[in-house]
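*Asks:* Got a structure for you, written out below as structure tokens; questions coming shortly.
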Amino acid sequence: MGHLKDLRVWAAIFLVIAIIVGIALVPELNKYANVVSPSPSENAFMYEKSMDILVMLLIGFGFLMVFVKKYGFSSVTATFLLVALSLPLYMLVRPYLWGISTDLSVTSISMLLFAEFAAASLLIAIGGPLGRINTHQYLLIGLLFTPLYALNEWILLSGAVIPVGAFLDTAGSITIHAFGAYFAFGMIIMLTTKREREIKVETSKSSNQFMLLGTAALWIFWPSFCSALTPLDKIPLVATNTVLALCGATLATYALSTLIRGKMEVSDIANASLAGGVAIGASVANVTPGWSMLIGIIAGAISVIGYTFIQPRLQKHTGGVDTCGVHNLHGMPGVFGGLVAMALTASPLWQLTGIVVTVALAVTMGIIVGFIVSRLGRKQTPYEDKDEFLSADEENLII
Amino acid sequence: MGHLKDLRVWAAIFLVIAIIVGIALVPELNKYANVVSPSPSENAFMYEKSMDILVMLLIGFGFLMVFVKKYGFSSVTATFLLVALSLPLYMLVRPYLWGISTDLSVTSISMLLFAEFAAASLLIAIGGPLGRINTHQYLLIGLLFTPLYALNEWILLSGAVIPVGAFLDTAGSITIHAFGAYFAFGMIIMLTTKREREIKVETSKSSNQFMLLGTAALWIFWPSFCSALTPLDKIPLVATNTVLALCGATLATYALSTLIRGKMEVSDIANASLAGGVAIGASVANVTPGWSMLIGIIAGAISVIGYTFIQPRLQKHTGGVDTCGVHNLHGMPGVFGGLVAMALTASPLWQLTGIVVTVALAVTMGIIVGFIVSRLGRKQTPYEDKDEFLSADEENLII
Amino acid sequence: MGHLKDLRVWAAIFLVIAIIVGIALVPELNKYANVVSPSPSENAFMYEKSMDILVMLLIGFGFLMVFVKKYGFSSVTATFLLVALSLPLYMLVRPYLWGISTDLSVTSISMLLFAEFAAASLLIAIGGPLGRINTHQYLLIGLLFTPLYALNEWILLSGAVIPVGAFLDTAGSITIHAFGAYFAFGMIIMLTTKREREIKVETSKSSNQFMLLGTAALWIFWPSFCSALTPLDKIPLVATNTVLALCGATLATYALSTLIRGKMEVSDIANASLAGGVAIGASVANVTPGWSMLIGIIAGAISVIGYTFIQPRLQKHTGGVDTCGVHNLHGMPGVFGGLVAMALTASPLWQLTGIVVTVALAVTMGIIVGFIVSRLGRKQTPYEDKDEFLSADEENLII
């Protein structure tokens with residue numbers, strides 16, 4: 001009964017928070033009324049990108065996490081809630097960091113796009129502790145993560161710390177992927193109990209097929225993620241490069257998974273195939289299609305090696321269970337992508353600085369946030385919906 | 001055997017109807033050849049919206065209705081068929097109501113968009129009697145509903161009855177959502193047998209996950225639904241407002257579902273999260289993002305209260321089973337959205353008139369259409385595919 | 001053990017091939033630097049089409065093939081791998097056929113679109129032998145098919161053989177659909193063992209629902225497939241025509257499936273509903289919406305007749321099992337669409353020549369490629385994932 005009372009108290013708290021965020025956003029409109037806004041056709045094009053990225057968030061990340069057999073309702077619900085919390089929260093927070101000069105305003109779709117990037121990074125981050133925390137704990141992570149993400153983005157890109165243009169990360173290999181993944185890395189150290197370390201996460205044919213649907217949604221729209229903020233004339237190059245990086249990673253995943261394991265593992269296919277998109281993010285506007293494919297092949301290989309060799313070792317050393325293997329998909333390929341860009345930028349030292357700062361900040365903040373969240377208690381039945389969903393354990397729901 | 005003979009006769013009838021509609025549309029081309037058409041880039045942008053809305057129709061509404069465990073094939077097939085019937089039918093009917101001045105022509109995508117709105121309203125309407133009628137009964141509803149929908153749209157928006165611009169309903173809170181939902185309200189009074197009132201509609205883990213996929217498709221592309229016909233320069237505002245209304249409803253749904261029920265109900269999450277999109281439709285181009293979020297929060301709350309408290313009471317009083325709870329998702333939030341717009345329009349009385357006319361017309365016509373359809377007989381096995389699909393009850397199909 | 005060793009050797013071979021393709025594409029950039037590129041807004045619009053078509057490839061074709069109950073992982077994985085192989089391969093091969101005058105370059109999205117068409121035709125082709133070959137055999141088919149597809153496209157459209165404009169096939173009824181389907185026709189003669197002829201391909205409720213999701217993805221974005229390369233001002237007509245052709249086929253499929261079988265068969269609904277899109281491809285820019293609906297009705301009828309009457313007879317005569325029935329969905333409706341265009345073109349004989357050449361070339365090459373692939377051995381357990389996927393046969397994966 002204490003459990004149910006807790007659920008209710010937290011539900012009330014987050015309802016109040018939602019109302020406060022809504023009220024705080026009421027007058028925001030006028031504040032940026034004199035911002036220069038893009039042309040209608042640029043807005044129209046960014047608009048379509050913002051829809052594509054919503055597909056990646058809700059169907060892509062959402063269903064990629066449905067692979068946990070008895071935890072599908074929670075995975076999708078957490079995805080919905082974190083998107084619903086982080087989008088308005090980012091819109092509220094960012095102007096305080098970037099100041100009046102920000103291009104965020106309701107006369108430009110870029111406000112929505114930047115907020116979606118924040119949501120993507122958050123969804124990456126919760127892939128680490130997925131299944132071991134309750135809904136209100138996901139929401140608390142979202143509440144704390146979003147401003148920290150905005151802070152790191154401000155350090156890397158606003159010009160206040162690193163000179164504008166010195167850090168090359170067109171599509172967020174570091175800003176979005178590595179930050180989310182290393183934040184997860186920090187959190188899971190605090191959010192894995194001894195008992196949870198022994199539990200095997202169960203999957204099923206159906207849950208794995210939903211996972212593959214999530215993969216498809218991410219693969220397909222990754223070019224929109226990469227080209228969301230590029231000028232119109234760069235779009236053919238950026239789109240082609242992104243697609244070829246994904247092609248490379250997909251082929252490498254099949255090859256490496258088969259070479260290492262003897263047969264393919266469906267979770268390798270579902271995840272590592274996307275590593276090319278993660279890695280190409282930093283340099284996507286600065287290389288040729290052939291290079292993109294080669295970067296994708298290497299990223300796919302790194303990711304499979306992560307799933308097969310590195311993750312078990314890391315888990316033994318840190319004690320943290322990385323449910324979705326976000327370190328293999330977003331962490332290492334992201335850092336690899338950021339390092340590739342060192343060869344392409346005029347300021348490799350600033351590039352390295354940006355990478356190191358991001359990883360260090362993310363791990364540290366992840367540990368702190370993980371500690372705070374762990375103080376709210378542990379999930380009763382890890383990797384199962386039934387703690388928080390009615391009728392999820394009824395017999396007629398089994399199939 | 002009489003059952004199978006009936007199925008064949010109706011199949012032949014609708015094949016003939018399809019051929020007649022096709023023939024009737026052959027010469028339509030020239031009729032509107034001198035209509036002023038939008039610029040290529042406006043058409044291009046509307047084109048993308050029309051694709052997004054097709055996702056909402058076939059994957060969104062289609063899979064949202066797959067939650068009925070043993071009725072998935074029928075739900076998706078009915079969706080396909082109703083879209084396939086109502087799109088050409090609306091294109092055929094509308095010019096007779098609106099006259100030569102209509103902007104419907106094959107030189108503008110707006111013809112397709114208006115037809116898609118009609119299809120959306122129809123899919124909302126059949127969510128009421130879902131699972132208790134046969135395929136040809138769905139098609140008969142589609143045949144009767146589409147002209148009635150066009151009639152109501154003409155009353156509200158053509159200027160023939162209510163002055164042009166006096167009724168504020170940018171994205172169809174009333175025109176599309178409330179009309180469909182109250183049409184369903186009327187129909188189900190006629191389309192629920194005593195036996196059906198006692199049957200519990202069964203769901204399963206897999207059917208509920210497909211439902212959540214439908215929810216995601218609707219959530220994601222709702223901004224395209226709302227901005228389909230807005231001028232290019234309003235798109236950033238309309239898109240941001242729609243997204244924030246959905247964010248508000250999603251957070252409120254989690255909170256209210258947990259507060260009222262103790263734990264979440266997955267069908268609340270799947271449905272009420274969308275109520276923000278329904279409610280913001282009327283005023284989406286006239287409020288700020290913060291207001292949109294607050295409207296969304298209230299709409300989500302109304303919808304959960306509908307599912308938990310109002311639906312059981314209504315069912316007891318009217319005897320009608322609302323399978324998908326469309327009254328909770330599209331009915332009350334739609335009317336709420338229409339009423340909010342009263343505060344924003346210069347002609348609140350016309351606004352109220354439009355709402356009252358729509359609800360009254362929809363309920364009345366729904367009762368009449370429901371009565372006609374009920375005369376064709378009842379479905380043998382409610383909520384199951386096997387009456388109309390081969391091998392749906394074979395053993396190898398269970399899982 | 002020999003089996004596992006083989007899998008590893010082929011994985012290594014295709015890893016090397018991927019690397020070679022990547023290296024070969026590195027310098028391609030400069031080669032076409034002086035090509036005239038489309039305007040940014042044309043590119044932007046083509047870009048959105050290229051995303052829509054990726055949805056058709058990975059979710060559409062991919063999940064349409066998930067209907068084989070125990071073969072879902074393989075179907076989706078093969079889809080991913082064939083897309084990943086054929087896109088860069090086509091980009092590499094085409095310039096050697098079309099010469100420097102090609103408009104393929106990274107300054108235009110058309111390069112990506114043409115490559116996606118090649119991938120679509122390839123995915124159609126493997127629908128024939130689906131479930132009876134191993135992953136590396138799919139990849140070998142992709143390696144051989146892609147240049148042959150480009151060769152046939154060059155014969156029909158480049159002007160080198162048939163005069164430019166003499167062959168009317170706006171959206172590939174012949175070039176893409178018929179070529180893929182008759183290539184499959186040739187292959188399956190070589191790729192069906194006696195034992196496989198007796199096996200019933202098993203489906204399940206869940207696998208069929210994923211199939212319907214694939215259908216929805218294809219239906220929805222078919223207008224983008226048809227209008228990908230049409231001028232902006234033709235888009236409203238092409239989009240409306242495509243949608244009405246699909247509406248016609250969907251209604252005819254319901255009617256014919258019910259009339260012939262007594263009840264509907266879900267695989268008819270999932271496949272034949274799309275035949276309208278296949279058939280309208282050739283003439284989509286040259287007819288009115290009414291004609292499009294009528295063409296769709298006929299195509300849907302042809303397709304259902306194919307599934308019910310023609311396929312069993314063909315299978316008896318040729319001994320080849322067409323797992324997805326691609327001959328019924330893409331073969332006959334494609335040829336029908338090509339023939340319809342004979343009435344619309346100024347050069348009906350060239351039109352007929354193009355159709356005959358395509359079918360003859362496809363069948364012949366399909367037989368040869370099928371023979372080569374059959375020399376690599378047969379799949380151990382037809383229509384099951386477990387030969388090549390770890391843990392696909394574990395008990396916890398059953399549901």
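The way I read the labels, and the way they are meant: chains A, B, ... in the order of the structure tokens, residue 1 as the first residue of every chain, and ligand 1 as the first ligand shown, with later ones counted on from there.
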Once you count only C-alpha atoms, which residues of chain C turn out to be within 7 Å of chain B? Could you give them as a PyMOL selection string?
*Replies:* chain C and resi 45+203-206+216+220-221+232-233+236-237+240+244+247-248+250-252+255+258-259+262-266+288-291+293-294+399
*Asks:* Give me the residues near Gly300 (chain B) as number ranges by chain, where near means some atom within 8 Å (using only C-alpha atoms) and where sequence neighbours in that chain fewer than 5 positions away do not count.
*Replies:* B: 248-250, 252-253, 272-276
*Asks:* CA of Ala228 (chain B) and CA of Val278 (chain B) are how many Å apart?
*Replies:* 14.7 Å
*Asks:* Find the residues near Thr193 (chain C): any atom within 12 Å, counting only C-alpha atoms, skip ones fewer than 2 places away on the same chain, and give them as a compact mmCIF listing (two decimals) with N, CA, C and O atoms, in the first residue's frame.
*Replies:*
# COMPACT_ATOMS: atom_id res chain seq x y z
N PRO C 129 12.04 -16.21 -53.38
CA PRO C 129 12.67 -17.32 -52.66
C PRO C 129 12.72 -17.13 -51.15
O PRO C 129 13.37 -17.92 -50.45
N ARG C 132 13.95 -19.64 -48.05
CA ARG C 132 14.60 -20.88 -48.47
C ARG C 132 16.09 -20.71 -48.73
O ARG C 132 16.75 -21.65 -49.19
N ILE C 133 16.63 -19.52 -48.47
CA ILE C 133 18.07 -19.30 -48.67
C ILE C 133 18.65 -18.61 -47.44
O ILE C 133 17.92 -18.06 -46.61
N ILE C 188 13.09 -18.57 -58.49
CA ILE C 188 12.46 -19.60 -57.65
C ILE C 188 12.41 -20.96 -58.35
O ILE C 188 12.32 -21.99 -57.70
N ILE C 189 12.48 -20.95 -59.68
CA ILE C 189 12.56 -22.24 -60.38
C ILE C 189 13.80 -23.00 -59.92
O ILE C 189 13.78 -24.22 -59.76
N MET C 190 14.86 -22.25 -59.69
CA MET C 190 16.13 -22.86 -59.26
C MET C 190 16.23 -22.99 -57.74
O MET C 190 17.08 -23.70 -57.24
N LEU C 191 15.40 -22.25 -57.03
CA LEU C 191 15.58 -22.17 -55.58
C LEU C 191 14.39 -22.74 -54.81
O LEU C 191 13.95 -22.17 -53.81
N ARG C 195 11.41 -31.03 -51.23
CA ARG C 195 10.91 -30.99 -49.86
C ARG C 195 10.21 -29.67 -49.57
O ARG C 195 9.15 -29.61 -48.95
N GLU C 196 10.81 -28.58 -50.05
CA GLU C 196 10.25 -27.26 -49.78
C GLU C 196 8.88 -27.07 -50.44
O GLU C 196 8.06 -26.27 -49.98
N ARG C 197 8.65 -27.79 -51.55
CA ARG C 197 7.37 -27.68 -52.23
C ARG C 197 6.22 -28.19 -51.37
O ARG C 197 5.07 -27.79 -51.54
N GLU C 198 6.56 -29.09 -50.44
CA GLU C 198 5.51 -29.69 -49.62
C GLU C 198 5.25 -28.93 -48.31
O GLU C 198 4.25 -29.17 -47.65
N ILE C 199 6.20 -28.07 -47.93
CA ILE C 199 6.06 -27.38 -46.64
C ILE C 199 5.03 -26.26 -46.74
O ILE C 199 5.07 -25.45 -47.67
N THR C 318 5.84 -25.01 -62.69
CA THR C 318 7.26 -24.65 -62.67
C THR C 318 7.99 -25.28 -61.49
O THR C 318 9.21 -25.32 -61.47
N GLY C 319 7.24 -25.72 -60.50
CA GLY C 319 7.89 -26.29 -59.33
C GLY C 319 8.46 -25.25 -58.38
O GLY C 319 9.06 -25.58 -57.37
N GLY C 320 8.27 -23.98 -58.71
CA GLY C 320 8.85 -22.93 -57.88
C GLY C 320 7.84 -22.36 -56.90
O GLY C 320 6.70 -22.06 -57.28
N VAL C 321 8.24 -22.21 -55.64
CA VAL C 321 7.36 -21.61 -54.64
C VAL C 321 7.66 -20.12 -54.54
O VAL C 321 8.80 -19.72 -54.31
N SER C 374 22.00 -21.34 -55.99
CA SER C 374 21.67 -22.69 -55.54
C SER C 374 22.93 -23.55 -55.36
O SER C 374 22.94 -24.50 -54.59
N GLY C 377 24.53 -24.13 -51.84
CA GLY C 377 23.89 -24.99 -50.85
C GLY C 377 22.50 -24.50 -50.51
O GLY C 377 22.04 -23.45 -50.97
N ARG C 378 21.82 -25.30 -49.72
CA ARG C 378 20.43 -25.02 -49.36
C ARG C 378 20.33 -24.64 -47.89
O ARG C 378 21.16 -25.04 -47.08
N LYS C 379 19.31 -23.93 -47.53
CA LYS C 379 19.06 -23.60 -46.14
C LYS C 379 18.67 -24.86 -45.38
O LYS C 379 17.88 -25.67 -45.88
N GLN C 380 19.23 -25.05 -44.17
CA GLN C 380 18.96 -26.27 -43.42
C GLN C 380 17.49 -26.42 -43.06
O GLN C 380 16.87 -27.45 -43.30
N THR C 381 16.92 -25.37 -42.43
CA THR C 381 15.53 -25.43 -41.98
C THR C 381 14.76 -24.31 -42.66
O THR C 381 14.81 -23.16 -42.22
N PRO C 382 14.03 -24.62 -43.72
CA PRO C 382 13.35 -23.56 -44.45
C PRO C 382 12.37 -22.79 -43.57
O PRO C 382 11.75 -23.37 -42.66
*Asks:* If I take CA of Cys226 (chain B) and CA of Ala125 (chain B), how far is one from the other in Å, to one decimal?
*Replies:*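 Answer for the CA of Cys226 (chain B) to CA of Ala125 (chain B) separation: 19.4 Å.
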*Asks:* B:Tyr149, B:Trp154, B:Phe167, B:Trp98: which is nearest Gln351 (chain B), counting only C-alpha atoms?
*Replies:*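 Closest to Gln351 (chain B), using only C-alpha atoms: B:Phe167.
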*Asks:* As an exercise, work out the distance from CA of Ile302 (chain A) to CA of Leu339 (chain A) in Å and give it to one decimal place.
*Replies:*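 Going from CA of Ile302 (chain A) over to CA of Leu339 (chain A) covers 13.7 Å.
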*Asks:* Would you kindly return, as an mmCIF file with C-alpha atoms, in the first residue's frame, each protein, DNA or RNA residue with an atom no farther than 12 Å from any atom of Gly165 (chain A), considering only C-alpha atoms and excluding same-chain residues fewer than 2 positions away?
*Replies:*
data_model
loop_
_atom_site.group_PDB
_atom_site.id
_atom_site.type_symbol
_atom_site.label_atom_id
_atom_site.label_comp_id
_atom_site.auth_asym_id
_atom_site.auth_seq_id
_atom_site.Cartn_x
_atom_site.Cartn_y
_atom_site.Cartn_z
ATOM 1 C CA LEU A 156 30.373 23.395 -26.661
ATOM 2 C CA LEU A 157 28.477 25.546 -29.105
ATOM 3 C CA SER A 158 27.452 28.953 -27.784
ATOM 4 C CA GLY A 159 30.885 30.544 -28.103
ATOM 5 C CA ALA A 160 30.998 31.438 -24.410
ATOM 6 C CA VAL A 161 33.680 28.817 -23.671
ATOM 7 C CA ILE A 162 34.908 27.210 -26.890
ATOM 8 C CA PRO A 163 35.173 29.668 -29.837
ATOM 9 C CA PHE A 167 34.059 22.411 -32.215
ATOM 10 C CA LEU A 168 32.850 20.344 -35.189
ATOM 11 C CA ASP A 169 29.762 18.331 -34.352
ATOM 12 C CA THR A 170 27.213 18.984 -37.104
ATOM 13 C CA THR A 345 38.785 20.716 -38.130
ATOM 14 C CA ALA A 346 41.257 23.573 -38.029
ATOM 15 C CA SER A 347 41.283 23.385 -34.242
ATOM 16 C CA PRO A 348 41.856 19.736 -33.206
ATOM 17 C CA TRP A 350 39.394 22.484 -29.114
ATOM 18 C CA GLN A 351 37.745 19.403 -30.641
ATOM 19 C CA GLY A 354 35.008 19.429 -26.227
#
*Asks:* List the neighbours of Thr364 (chain C) out to 12 Å using only C-alpha atoms; skip same-chain residues closer than 6 positions along the sequence, and give me the result as a PyMOL selection string.
*Replies:* chain C and resi 148+179+182-190+357-358+370-371
*Asks:* Could you pull out the alpha helix (DSSP H) residues of region 241-364 of chain A, going by DSSP on the backbone, and write them as a PyMOL selection string?
*Replies:* chain A and resi 241-261+266-272+275-280+289-305+311-318+326+332-342+348-364
*Asks:* Hey, which of B:Leu352, B:Leu144, B:Ala270, B:Leu123 ends up closest to Gly366 (chain B)? Count only C-alpha atoms.
*Replies:*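 Closest candidate: B:Leu144.
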